[in-house]
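Here is the structure we will look at, set down as structure tokens.
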Amino acid sequence: MTLSIPLADILTYRKLTKAYFGFVEVLCSSYITFILQLDSATFMHLVGSLESGLKGLDTSISSQCAIAVDNLATYYFNNITMGEAPNSPAAIRFAQHIADCPSLFPEILKTLFEIVLLEDCGNQWSLSRPILSLILISEQIFSDLKAKILSSQPVDQHQRLSACFDSLMTDISRGLDPKNRDMFTQNLNRFRLEFRVK
């Protein structure tokens, strides 16, 4: 049923939007293997809709979407990035989904950084969770995004902003344990404040 209603229509009605993203959050947390077994078009539709939800003005919806993205990214990190090779059917299918749409994670990470850097978001803690997960999935994605953001800034600011990006990963290990996540959230808050200084 969620696939039969155009996303634009879902986003038009507040109650429907909340119900839809609540449903997707539950799918991504409790039924992740079900989502991963979907065909690529359906999977991409659901995950793509999360990016739209992140961009919304409602912080509760944005937080639900961030949790859903973090659940997906954490699953990918634990089962594919850190694993020697995907061995479960769900992990193999997830790897195939990402191979079919390699821009999926980079686009979501870009959206999250845009929100954190350019908007006054009241749910920075929630947004920091998927940012760390996505950075750890592929540090190359993070390096590419960093270069893209730096190139969009004035040249005289590059050195200062590059130092801001370097401080973002200070004392962060390659893991998603709660202590590491909390340290990253603190670093992200400092990064955001330093980045905005002109």
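Scheme for the structure tokens: letters A, B, ... for chains in order shown; per-chain residue numbers from 1; ligand numbers from 1 in order shown.
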#### Entry: Within 7 Å of A:Leu54 using only C-alpha atoms, minus same-chain residues under 3 positions, as JSON, numbers by chain
{"A": [50, 51, 62, 65, 66]}
Dump as CSV the rows for residues of stretch 44-117 of chain A within 12 Å of stretch 127-132 of chain A: closest atom pair and distance in Å with one decimal, only C-alpha atoms counted, ordered by chain and rising residue number.
residue,atom,partner,partner_atom,distance
A:Leu50,CA,A:Pro130,CA,11.9
A:Glu51,CA,A:Pro130,CA,11.7
A:Leu54,CA,A:Leu127,CA,8.8
A:Lys55,CA,A:Leu127,CA,11.3
A:Thr59,CA,A:Leu127,CA,10.1
A:Ser60,CA,A:Leu127,CA,11.4
A:Ile61,CA,A:Leu127,CA,11.5
A:Ser62,CA,A:Leu127,CA,8.2
A:Ser63,CA,A:Leu127,CA,6.9
A:Gln64,CA,A:Leu127,CA,9.8
A:Cys65,CA,A:Leu127,CA,9.0
A:Ala66,CA,A:Leu127,CA,5.6
A:Ile67,CA,A:Pro130,CA,7.2
A:Ala68,CA,A:Pro130,CA,8.6
A:Val69,CA,A:Pro130,CA,6.0
A:Asp70,CA,A:Pro130,CA,4.2
A:Asn71,CA,A:Pro130,CA,7.9
A:Leu72,CA,A:Pro130,CA,8.8
A:Ala73,CA,A:Pro130,CA,6.8
A:Thr74,CA,A:Pro130,CA,8.0
A:Tyr75,CA,A:Pro130,CA,11.3
A:Tyr76,CA,A:Pro130,CA,11.6
A:Phe77,CA,A:Leu132,CA,10.5
A:Phe105,CA,A:Ile131,CA,10.1
A:Pro106,CA,A:Ile131,CA,10.4
A:Glu107,CA,A:Ile131,CA,11.5
A:Ile108,CA,A:Ile131,CA,8.8
A:Leu109,CA,A:Ile131,CA,6.2
A:Lys110,CA,A:Ile131,CA,9.3
A:Thr111,CA,A:Ile131,CA,9.9
A:Leu112,CA,A:Ile131,CA,6.8
A:Phe113,CA,A:Ile131,CA,7.8
A:Glu114,CA,A:Leu127,CA,11.1
A:Ile115,CA,A:Leu127,CA,8.7
A:Val116,CA,A:Leu127,CA,7.7
A:Leu117,CA,A:Leu127,CA,11.4
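Distance check against A:Gln96 using only C-alpha atoms: of A:Leu3, A:Ile80, A:Leu168, A:Leu145, the minimum falls on A:Ile80.
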### Task
Give the helix (DSSP H, G or I) residues of stretch 18-97 of chain A, as assigned by DSSP on the backbone, as JSON, numbers by chain.
{"A": [18, 19, 20, 21, 22, 23, 24, 25, 26, 27, 28, 29, 30, 32, 33, 34, 35, 36, 40, 41, 42, 43, 44, 45, 46, 47, 48, 49, 50, 51, 52, 53, 54, 55, 59, 60, 61, 62, 63, 64, 65, 66, 67, 68, 69, 70, 71, 72, 73, 74, 75, 76, 77, 78, 79, 80, 81, 89, 90, 91, 92, 93, 94, 95, 96, 97]}
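Proximity to A:Ser88 was assessed for A:Ser152, A:Thr33, A:Ser173, A:Thr17 counting only C-alpha atoms; the smallest distance is recorded for A:Thr33.
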## Note on the structure
A:Leu11 proximity check over A:Leu150, A:Val26, A:Leu57, A:Leu38, using only C-alpha atoms: winner is A:Leu57
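Compared by their closest atoms to A:Gly175, and using only C-alpha atoms, the residues A:Asn87, A:Asn78, A:Ser143, A:Ser151 rank with A:Asn78 nearest.
Near stretch 153-161 of chain A, within a cut-off of 7 Å and counting only C-alpha atoms, sit the residues Ile149, Phe165 and Phe195 of chain A, with same-chain residues fewer than 4 positions away left out.
Picture a line from atom CA of A:Leu118 to atom CA of A:Ser162; it runs 17.1 Å.
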